[in-house]
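Structure below is structure_31.cif: mmCIF, C-alpha atoms.
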data_data
loop_
_atom_site.label_atom_id
_atom_site.label_comp_id
_atom_site.auth_asym_id
_atom_site.auth_seq_id
_atom_site.Cartn_x
_atom_site.Cartn_y
_atom_site.Cartn_z
CA MET A 1 23.71 18.70 50.37
CA GLU A 2 23.78 17.28 46.83
CA THR A 3 26.01 14.35 45.88
CA MET A 4 27.49 13.78 42.38
CA GLY A 5 29.32 10.45 42.57
CA CYS A 6 32.48 11.15 44.56
CA VAL A 7 31.94 14.93 44.28
CA GLN A 8 29.64 16.72 46.71
CA GLU A 9 28.10 20.16 46.73
CA ILE A 10 28.06 22.15 49.96
CA ASP A 11 26.89 25.60 51.02
CA PRO A 12 29.96 27.68 52.03
CA LEU A 13 27.77 30.09 54.00
CA ARG A 14 26.41 27.32 56.21
CA ASP A 15 29.13 24.67 56.30
CA SER A 16 31.80 25.73 58.82
CA ARG A 17 34.31 23.42 57.14
CA TRP A 18 34.68 25.96 54.30
CA LEU A 19 35.96 28.65 56.66
CA ARG A 20 38.41 26.21 58.23
CA LEU A 21 39.74 25.31 54.76
CA LEU A 22 40.26 29.01 53.97
CA GLU A 23 42.13 29.57 57.21
CA ARG A 24 44.76 26.96 56.40
CA HIS A 25 44.96 27.09 52.58
CA PRO A 26 47.73 29.39 51.26
CA GLN A 27 45.86 30.28 48.06
CA ALA A 28 42.64 31.37 49.75
CA SER A 29 41.83 35.00 48.98
CA VAL A 30 39.27 37.59 49.94
CA PHE A 31 37.14 36.41 47.00
CA HIS A 32 36.72 33.00 48.69
CA SER A 33 35.66 34.56 51.99
CA PRO A 34 32.14 34.20 53.42
CA GLY A 35 31.82 38.01 53.58
CA TRP A 36 32.39 38.40 49.83
CA LEU A 37 30.06 35.48 49.05
CA GLU A 38 27.31 36.85 51.28
CA ALA A 39 27.57 40.29 49.63
CA LEU A 40 27.13 38.62 46.21
CA ARG A 41 24.08 36.77 47.51
CA ARG A 42 22.45 39.83 49.08
CA THR A 43 23.07 42.16 46.16
CA TYR A 44 22.58 40.00 43.08
CA GLY A 45 20.68 36.97 44.35
CA TYR A 46 23.51 34.57 43.44
CA SER A 47 23.61 31.42 45.57
CA PRO A 48 27.23 30.40 46.27
CA ALA A 49 28.12 26.73 46.38
CA VAL A 50 31.28 24.61 46.61
CA LEU A 51 32.11 21.38 44.81
CA THR A 52 34.48 19.11 46.74
CA THR A 53 35.68 15.52 46.70
CA THR A 54 35.61 15.45 50.52
CA SER A 55 32.90 13.32 52.14
CA SER A 56 30.44 14.86 54.60
CA SER A 57 32.11 13.05 57.52
CA GLN A 58 35.56 14.56 56.93
CA ASP A 59 37.12 17.96 57.37
CA LEU A 60 37.12 19.77 54.04
CA MET A 61 40.28 19.07 52.05
CA ASN A 62 39.50 20.90 48.78
CA GLY A 63 36.86 22.86 46.94
CA ILE A 64 35.95 25.13 44.04
CA VAL A 65 33.46 27.84 44.94
CA PHE A 66 31.03 29.13 42.31
CA CYS A 67 27.73 30.92 41.77
CA ARG A 68 24.85 30.11 39.48
CA VAL A 69 23.89 33.10 37.32
CA SER A 70 20.50 33.02 35.61
CA SER A 71 19.99 35.87 33.15
CA TRP A 72 17.66 36.45 30.22
CA LEU A 73 20.28 38.87 28.85
CA THR A 74 23.58 36.97 29.15
CA GLY A 75 22.42 33.39 29.62
CA ARG A 76 22.43 30.79 32.39
CA ARG A 77 25.87 29.81 33.61
CA VAL A 78 28.11 28.94 36.55
CA VAL A 79 31.01 31.27 37.36
CA SER A 80 33.84 31.00 39.86
CA LEU A 81 33.30 33.78 40.80
CA PRO A 82 31.17 36.70 39.51
CA PHE A 83 32.72 40.18 39.92
CA SER A 84 35.87 38.62 41.37
CA ASP A 85 39.25 39.43 39.82
CA HIS A 86 40.40 35.87 40.43
CA CYS A 87 39.33 32.80 42.38
CA GLU A 88 41.85 29.99 42.61
CA PRO A 89 40.53 26.40 42.86
CA LEU A 90 41.53 25.28 46.34
CA VAL A 91 42.54 21.85 45.11
CA ASP A 92 46.08 20.55 45.50
CA ARG A 93 45.90 17.20 43.70
CA SER A 94 45.41 17.05 39.93
CA GLU A 95 43.13 13.99 40.05
CA GLU A 96 40.80 15.69 42.55
CA LEU A 97 40.71 18.80 40.38
CA GLY A 98 39.84 16.63 37.37
CA SER A 99 36.95 15.03 39.28
CA ILE A 100 35.53 18.40 40.30
CA LEU A 101 35.82 19.83 36.78
CA GLU A 102 34.06 16.73 35.45
CA ALA A 103 31.28 17.45 37.93
CA PHE A 104 31.08 20.98 36.50
CA ARG A 105 30.69 19.42 33.05
CA ASN A 106 27.85 17.21 34.26
CA LYS A 107 26.17 20.10 36.06
CA GLN A 108 26.38 22.21 32.92
CA SER A 109 24.85 19.44 30.80
CA ASP A 110 22.11 18.43 33.26
CA ASN A 111 20.98 21.98 34.02
CA GLY A 112 21.31 23.54 30.58
CA TRP A 113 23.96 26.07 31.60
CA ARG A 114 25.52 27.75 28.56
CA TYR A 115 28.98 27.61 30.07
CA ALA A 116 31.06 27.17 33.19
CA GLU A 117 33.91 29.61 33.86
CA ILE A 118 36.83 29.32 36.30
CA ARG A 119 39.03 32.32 37.09
CA PRO A 120 42.28 31.05 38.66
CA ALA A 121 45.16 33.38 39.43
CA GLN A 122 47.80 30.74 38.73
CA ARG A 123 46.50 27.37 37.57
CA ASN A 124 46.41 26.32 33.92
CA LEU A 125 43.20 24.41 33.16
CA GLY A 126 44.02 23.75 29.50
CA GLU A 127 44.93 20.13 30.26
CA PHE A 128 41.37 19.35 31.34
CA SER A 129 38.84 18.28 28.72
CA GLY A 130 36.52 20.95 27.37
CA PHE A 131 38.13 23.96 29.08
CA ALA A 132 39.66 26.64 26.85
CA GLU A 133 40.93 30.17 27.35
CA SER A 134 38.07 32.65 27.33
CA ARG A 135 39.90 35.82 28.38
CA THR A 136 43.36 36.97 29.34
CA CYS A 137 44.14 39.99 31.50
CA CYS A 138 47.06 41.00 33.64
CA LEU A 139 47.38 40.94 37.40
CA HIS A 140 49.68 43.22 39.40
CA ARG A 141 51.00 42.42 42.87
CA LEU A 142 53.32 44.56 44.97
CA ASP A 143 55.61 42.92 47.53
CA LEU A 144 55.21 44.74 50.86
CA ARG A 145 57.96 42.87 52.72
CA PRO A 146 60.77 45.39 51.99
CA GLY A 147 61.02 48.57 54.04
CA LEU A 148 59.01 51.66 53.09
CA PRO A 149 62.04 53.56 51.69
CA GLU A 150 62.82 50.63 49.39
CA ILE A 151 59.17 50.33 48.30
CA PHE A 152 58.97 54.08 47.62
CA GLY A 153 62.24 53.90 45.69
CA GLY A 154 60.66 51.34 43.36
CA PHE A 155 57.98 53.80 42.24
CA HIS A 156 58.40 55.61 38.92
CA LYS A 157 60.15 58.86 39.81
CA ASP A 158 58.20 61.23 37.56
CA CYS A 159 54.82 59.50 37.33
CA VAL A 160 54.42 58.36 40.94
CA GLN A 161 56.95 59.87 43.35
CA ARG A 162 56.57 63.43 42.06
CA LYS A 163 52.77 63.14 42.11
CA ILE A 164 52.84 62.03 45.74
CA TRP A 165 55.08 64.99 46.62
CA ARG A 166 52.74 67.31 44.67
CA ALA A 167 49.70 66.02 46.58
CA GLU A 168 51.47 66.62 49.89
CA ARG A 169 52.45 70.16 48.87
CA GLU A 170 48.84 70.85 47.84
CA GLY A 171 47.72 70.04 51.36
CA LEU A 172 45.35 67.26 50.36
CA THR A 173 43.69 65.58 53.32
CA CYS A 174 42.97 61.85 53.56
CA GLU A 175 40.22 60.01 55.40
CA GLU A 176 39.39 56.34 55.63
CA GLY A 177 36.56 54.29 57.07
CA THR A 178 33.15 52.91 56.16
CA SER A 179 30.82 55.73 57.23
CA GLU A 180 27.77 56.67 55.17
CA ARG A 181 29.39 60.04 54.43
CA LEU A 182 32.51 58.44 52.97
CA LEU A 183 30.37 56.00 50.99
CA ARG A 184 28.39 58.91 49.49
CA GLN A 185 31.59 60.71 48.51
CA PHE A 186 33.07 57.55 47.01
CA TYR A 187 29.92 56.68 45.06
CA ARG A 188 29.51 60.14 43.58
CA LEU A 189 33.08 60.02 42.25
CA LEU A 190 32.51 56.45 41.05
CA VAL A 191 29.45 57.34 38.97
CA GLY A 192 31.34 60.19 37.31
CA THR A 193 34.33 57.98 36.58
CA ARG A 194 32.23 55.14 35.17
CA ARG A 195 30.40 57.62 32.93
CA ARG A 196 33.75 58.77 31.48
CA GLN A 197 34.63 55.12 30.87
CA MET A 198 31.19 54.50 29.29
CA LEU A 199 30.43 51.83 31.87
CA LEU A 200 27.46 51.48 34.18
CA PRO A 201 28.23 52.00 37.88
CA GLN A 202 27.85 49.15 40.31
CA PRO A 203 24.70 49.33 42.46
CA ARG A 204 25.07 51.41 45.61
CA ALA A 205 23.59 48.42 47.45
CA TRP A 206 26.65 46.38 46.46
CA PHE A 207 28.94 48.65 48.45
CA ARG A 208 26.56 48.82 51.40
CA ASN A 209 26.42 45.03 51.48
CA LEU A 210 30.21 44.78 51.22
CA ILE A 211 30.52 47.08 54.23
CA ALA A 212 27.96 45.05 56.19
CA CYS A 213 29.44 41.66 55.25
CA MET A 214 33.18 42.39 55.15
CA ARG A 215 33.19 44.42 58.39
CA GLU A 216 36.80 45.26 59.27
CA GLY A 217 37.97 43.77 55.95
CA ILE A 218 36.93 46.79 53.87
CA ASN A 219 38.00 50.43 53.79
CA ILE A 220 36.97 53.48 51.79
CA HIS A 221 39.79 56.01 51.31
CA VAL A 222 38.90 59.57 50.27
CA VAL A 223 41.28 62.46 49.57
CA SER A 224 39.98 66.03 49.52
CA LYS A 225 41.14 69.52 48.58
CA ASP A 226 39.64 72.35 50.64
CA GLY A 227 36.92 69.99 51.85
CA GLN A 228 35.96 68.78 48.36
CA PRO A 229 36.57 65.08 47.53
CA VAL A 230 38.87 64.70 44.52
CA ALA A 231 39.66 60.95 44.53
CA SER A 232 38.72 57.75 46.32
CA ILE A 233 39.71 54.09 46.39
CA LEU A 234 38.11 51.07 48.04
CA THR A 235 40.35 48.35 49.44
CA LEU A 236 39.69 44.90 50.86
CA SER A 237 41.92 42.96 53.21
CA TYR A 238 42.29 39.28 53.94
CA LYS A 239 44.98 37.48 55.91
CA THR A 240 48.23 39.24 54.91
CA THR A 241 47.00 40.74 51.62
CA LEU A 242 45.58 44.19 50.88
CA VAL A 243 43.45 44.29 47.71
CA TYR A 244 42.77 47.36 45.59
CA LYS A 245 39.27 46.80 44.19
CA TYR A 246 37.75 50.12 43.04
CA GLY A 247 39.08 53.58 42.26
CA CYS A 248 37.55 56.83 41.07
CA SER A 249 38.40 60.51 40.81
CA ASP A 250 37.33 63.98 39.73
CA LYS A 251 39.02 64.39 36.34
CA ARG A 252 39.10 68.18 36.73
CA ARG A 253 41.52 67.78 39.66
CA SER A 254 43.52 64.80 38.50
CA ASN A 255 46.67 66.94 38.34
CA LEU A 256 46.73 67.17 42.15
CA GLY A 257 47.94 63.59 42.55
CA GLY A 258 45.07 62.50 44.78
CA VAL A 259 44.93 58.88 43.60
CA HIS A 260 48.70 58.51 44.02
CA LEU A 261 48.56 59.87 47.56
CA LEU A 262 45.76 57.43 48.44
CA PHE A 263 47.76 54.47 47.16
CA TRP A 264 50.81 55.56 49.12
CA LYS A 265 48.80 56.06 52.32
CA ALA A 266 47.19 52.64 51.85
CA ILE A 267 50.63 51.04 51.41
CA GLN A 268 51.95 52.75 54.54
CA SER A 269 48.94 51.61 56.56
CA ALA A 270 49.25 48.06 55.21
CA LYS A 271 52.90 47.95 56.29
CA GLU A 272 51.95 49.07 59.79
CA LYS A 273 49.40 46.25 59.99
CA GLY A 274 51.85 43.61 58.86
CA PHE A 275 50.47 42.94 55.39
CA ARG A 276 52.89 41.25 53.02
CA GLU A 277 51.30 41.89 49.63
CA PHE A 278 49.28 44.58 47.83
CA ASP A 279 47.08 43.00 45.15
CA LEU A 280 46.44 45.77 42.61
CA GLY A 281 43.86 43.68 40.82
CA ARG A 282 42.98 42.77 37.26
CA SER A 283 43.56 45.03 34.27
CA ASP A 284 42.29 44.40 30.76
CA TRP A 285 44.78 44.66 27.93
CA THR A 286 42.27 47.01 26.27
CA THR A 287 43.08 49.57 28.98
CA PRO A 288 46.83 50.10 28.46
CA GLY A 289 46.76 53.27 30.54
CA LEU A 290 45.64 51.30 33.60
CA VAL A 291 48.24 48.60 32.99
CA GLU A 292 50.97 51.25 32.75
CA PHE A 293 49.69 53.00 35.88
CA LYS A 294 50.12 49.79 37.89
CA ASP A 295 53.49 49.02 36.30
CA ARG A 296 54.79 52.34 37.60
CA TRP A 297 54.25 51.27 41.22
CA GLY A 298 56.91 48.61 40.87
CA ALA A 299 54.36 45.81 41.06
CA ALA A 300 55.08 42.43 39.48
CA ARG A 301 52.88 41.78 36.45
CA SER A 302 51.56 38.31 35.57
CA THR A 303 49.04 36.98 33.05
CA LEU A 304 45.60 36.19 34.40
CA THR A 305 43.70 33.63 32.32
CA TYR A 306 40.02 32.75 32.62
CA TRP A 307 38.98 29.26 31.50
CA ARG A 308 35.57 28.41 30.09
CA ARG A 309 33.73 25.33 29.01
CA GLY A 310 30.86 26.14 26.67
CA ALA A 311 29.70 28.90 24.33
CA ILE A 312 30.36 32.61 24.74
CA PRO A 313 27.09 34.62 24.69
CA ALA A 314 26.57 36.77 21.62
CA ILE A 315 26.49 39.92 23.76
CA TYR A 316 30.18 39.34 24.59
CA ARG A 317 31.17 38.53 21.00
CA SER A 318 29.77 41.68 19.45
CA ALA A 319 32.45 44.28 18.79
CA GLY A 320 32.14 48.02 18.59
CA TRP A 321 29.36 48.40 21.13
CA LYS A 322 30.74 51.79 22.12
CA ASN A 323 29.19 53.50 19.15
CA ARG A 324 28.22 57.14 18.85
CA THR A 325 24.72 56.61 20.25
CA VAL A 326 26.04 54.87 23.37
CA ARG A 327 28.69 57.56 23.78
CA ARG A 328 26.03 60.30 23.71
CA ILE A 329 23.96 58.44 26.33
CA PHE A 330 26.88 58.19 28.75
CA GLU A 331 28.04 61.76 28.16
CA HIS A 332 24.66 63.36 28.78
CA ALA A 333 22.72 60.96 31.02
CA PRO A 334 22.05 62.23 34.57
CA ARG A 335 23.95 60.52 37.36
CA GLY A 336 20.72 59.17 38.83
CA PHE A 337 19.76 57.51 35.55
CA LEU A 338 23.13 55.76 35.28
CA ALA A 339 23.00 54.60 38.90
CA THR A 340 19.46 53.25 38.49
CA THR A 341 20.29 51.50 35.24
CA GLY A 342 23.36 49.95 36.82
CA SER A 343 21.25 48.65 39.70
CA LEU A 344 18.84 47.01 37.25
CA LEU A 345 21.33 45.50 34.83
CA TYR A 346 24.54 44.82 36.72
CA ARG A 347 23.55 41.39 37.96
CA HIS A 348 23.45 40.17 34.33
CA ALA A 349 27.18 40.86 33.90
CA GLY A 350 28.53 38.59 36.65
#
Will you turn the file into structure tokens for me?
Amino acid sequence: METMGCVQEIDPLRDSRWLRLLERHPQASVFHSPGWLEALRRTYGYSPAVLTTTSSSQDLMNGIVFCRVSSWLTGRRVVSLPFSDHCEPLVDRSEELGSILEAFRNKQSDNGWRYAEIRPAQRNLGEFSGFAESRTCCLHRLDLRPGLPEIFGGFHKDCVQRKIWRAEREGLTCEEGTSERLLRQFYRLLVGTRRRQMLLPQPRAWFRNLIACMREGINIHVVSKDGQPVASILTLSYKTTLVYKYGCSDKRRSNLGGVHLLFWKAIQSAKEKGFREFDLGRSDWTTPGLVEFKDRWGAARSTLTYWRRGAIPAIYRSAGWKNRTVRRIFEHAPRGFLATTGSLLYRHAG
């Protein structure tokens, strides 16, 4: 354990006090959980750590979890947390939060990190010295406390309800679980979807590690037509919240309503298990279609702001990277090439 004045650094994968803090803190999410942190460590080599003002002799009262990312491509930095839609500082008192953020500043200076980034779902860090907005997105959350008829009635009639009815008429079949067969079906659809979006797919090892580390807190949902997978989503669960994390589909069969049926089945299952919220995740403003898709489920939309202290790497500042050459690569590259390239490069994007 490393001490920085009144702020200490602990290992959340070894210190049992972190798990006890998560169990009692209302803002703890799946992205704080040891399973998620261990999957990050196994897949990308990131070492998670927590900064806290609590002494080693006390039960943990607060903490901000983060990972160190060392990359020759995107620079050395600390992020709370890589590949996580949001990660609220679990700090209730403003003065304690200020002390921990000051420790981040010292860590950044002493270790030569280009920047430190915090990704809270609610908290405004603009009042703290050196932190400025680095990115704004939107976050959708659906309240699952009403009855199913009321929830269904909140869906857009033409763009959601009718698509669910169409999928049921088409006789689409749904499966869920974490078997290797379902993972293969999900990943094949994912690679195709990411190619259409001109984005590299996440490493297959990432999903295998999530399954191994999250255990019962992860589910792959696949919908098929005549035995052929047409859409899939991956959800995470923690406490009373279901989280939509990844989605993919066969564009040639998008008219069947497969994605809509999967969302509806996931909502029904979540209600049966007593979940109170469906976190539909982050959406960039540059993807208005995705934002509108989530709006149509009756989910409440809020602004999600990331806060950064330090410089933004040049690779993120350059505009127009989706040029004609890149477009040709993604349109014609074999699936195996994209998957391999994603496995090699994805850790630099955390």
*Counting all atoms listed in the file, what is within 12 Å of A:Glu170, bar same-chain residues fewer than 6 positions away, as an NGL selection string?*
:A and (163-164 or 223-226 or 253 or 255-258 or 261)
*Please measure the separation of atom CA of A:Ser16 and atom CA of A:Val50, giving the value in Å to one decimal.*
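Result for atom CA of A:Ser16 versus atom CA of A:Val50: 12.3 Å, one decimal.
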*Tell me which residues the PyMOL selection byres ((chain A and resi 287-291) around 10) grabs here, as a list in words.*
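Evaluating the PyMOL selection byres ((chain A and resi 287-291) around 10) on this file yields Cys137, Cys138, Leu139, His140, Arg282, Ser283, Asp284, Trp285, Thr286, Glu292, Phe293, Lys294, Asp295, Arg296 and Arg301 of chain A.
For A:Pro203, the residues within 7 Å (counting only C-alpha atoms, excluding itself and residues fewer than 6 positions away along the chain) are A:Ala339, A:Gly342, A:Ser343.
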*Hey, which of A:Lys265, A:Gly35, A:Arg188, A:Val243 ends up closest to A:Gly336? Count all atoms listed in the file.*
A:Arg188
_Atomic distance atom CA of A:Gly75 - atom CA of A:Glu88, expressed in Å with one decimal_ =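 Taking atom CA of A:Gly75 as the start and atom CA of A:Glu88 as the end point, the length is 23.6 Å.
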*Residue nearest A:Ser302 among A:Trp206, A:Gln108, A:Thr341, A:Leu142 (counting only C-alpha atoms)*: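 Checking each candidate against A:Ser302, we get A:Leu142 as the closest.
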*asked:* Using Å and a single decimal, report how far atom CA of A:Ala49 sits from atom CA of A:Asp11.
replied: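 Distance between the two atoms: 4.9 Å.
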Fix up stretch 102-131 of chain A with N, CA and C atoms, then write it as a compact mmCIF listing (two decimals), in the frame of the given file.
# COMPACT_ATOMS: atom_id res chain seq x y z
N GLU A 102 35.00 17.64 36.11
CA GLU A 102 34.06 16.73 35.45
C GLU A 102 32.66 16.92 36.02
N ALA A 103 32.57 17.17 37.32
CA ALA A 103 31.28 17.45 37.93
C ALA A 103 30.69 18.76 37.39
N PHE A 104 31.55 19.75 37.15
CA PHE A 104 31.08 20.98 36.50
C PHE A 104 30.50 20.67 35.12
N ARG A 105 31.17 19.78 34.38
CA ARG A 105 30.69 19.42 33.05
C ARG A 105 29.31 18.77 33.14
N ASN A 106 29.14 17.87 34.09
CA ASN A 106 27.85 17.21 34.26
C ASN A 106 26.77 18.19 34.69
N LYS A 107 27.14 19.09 35.60
CA LYS A 107 26.17 20.10 36.06
C LYS A 107 25.74 20.99 34.90
N GLN A 108 26.70 21.37 34.07
CA GLN A 108 26.38 22.21 32.92
C GLN A 108 25.42 21.50 31.97
N SER A 109 25.69 20.21 31.71
CA SER A 109 24.85 19.44 30.80
C SER A 109 23.46 19.19 31.38
N ASP A 110 23.39 18.79 32.64
CA ASP A 110 22.11 18.43 33.26
C ASP A 110 21.20 19.63 33.46
N ASN A 111 21.79 20.80 33.69
CA ASN A 111 20.98 21.98 34.02
C ASN A 111 20.84 22.97 32.87
N GLY A 112 21.46 22.67 31.74
CA GLY A 112 21.31 23.54 30.58
C GLY A 112 22.07 24.84 30.70
N TRP A 113 23.16 24.85 31.50
CA TRP A 113 23.96 26.07 31.60
C TRP A 113 24.75 26.26 30.32
N ARG A 114 24.83 27.49 29.83
CA ARG A 114 25.52 27.75 28.56
C ARG A 114 27.02 27.55 28.69
N TYR A 115 27.55 27.85 29.87
CA TYR A 115 28.98 27.61 30.07
C TYR A 115 29.31 27.62 31.55
N ALA A 116 30.48 27.09 31.85
CA ALA A 116 31.06 27.17 33.19
C ALA A 116 32.40 27.87 33.06
N GLU A 117 32.67 28.84 33.94
CA GLU A 117 33.91 29.61 33.86
C GLU A 117 34.64 29.56 35.19
N ILE A 118 35.95 29.32 35.13
CA ILE A 118 36.83 29.32 36.30
C ILE A 118 37.86 30.42 36.11
N ARG A 119 38.15 31.17 37.18
CA ARG A 119 39.03 32.32 37.09
C ARG A 119 40.23 32.18 38.04
N PRO A 120 41.13 31.24 37.76
CA PRO A 120 42.28 31.05 38.66
C PRO A 120 43.33 32.12 38.47
N ALA A 121 44.06 32.41 39.53
CA ALA A 121 45.16 33.38 39.43
C ALA A 121 46.43 32.72 38.92
N GLN A 122 46.55 31.41 39.09
CA GLN A 122 47.80 30.74 38.73
C GLN A 122 47.60 29.48 37.88
N ARG A 123 46.60 28.71 38.15
CA ARG A 123 46.50 27.37 37.57
C ARG A 123 46.11 27.40 36.09
N ASN A 124 46.73 26.51 35.33
CA ASN A 124 46.41 26.32 33.92
C ASN A 124 45.43 25.17 33.80
N LEU A 125 44.22 25.45 33.28
CA LEU A 125 43.20 24.41 33.16
C LEU A 125 43.12 23.84 31.76
N GLY A 126 44.06 24.20 30.88
CA GLY A 126 44.02 23.75 29.50
C GLY A 126 44.17 22.25 29.35
N GLU A 127 44.74 21.58 30.35
CA GLU A 127 44.93 20.13 30.26
C GLU A 127 43.65 19.36 30.53
N PHE A 128 42.61 20.03 31.00
CA PHE A 128 41.37 19.35 31.34
C PHE A 128 40.37 19.47 30.19
N SER A 129 39.71 18.39 29.89
CA SER A 129 38.84 18.28 28.72
C SER A 129 37.74 19.34 28.70
N GLY A 130 37.62 20.01 27.58
CA GLY A 130 36.52 20.95 27.37
C GLY A 130 36.80 22.37 27.80
N PHE A 131 37.84 22.61 28.61
CA PHE A 131 38.13 23.96 29.08
C PHE A 131 39.13 24.65 28.15
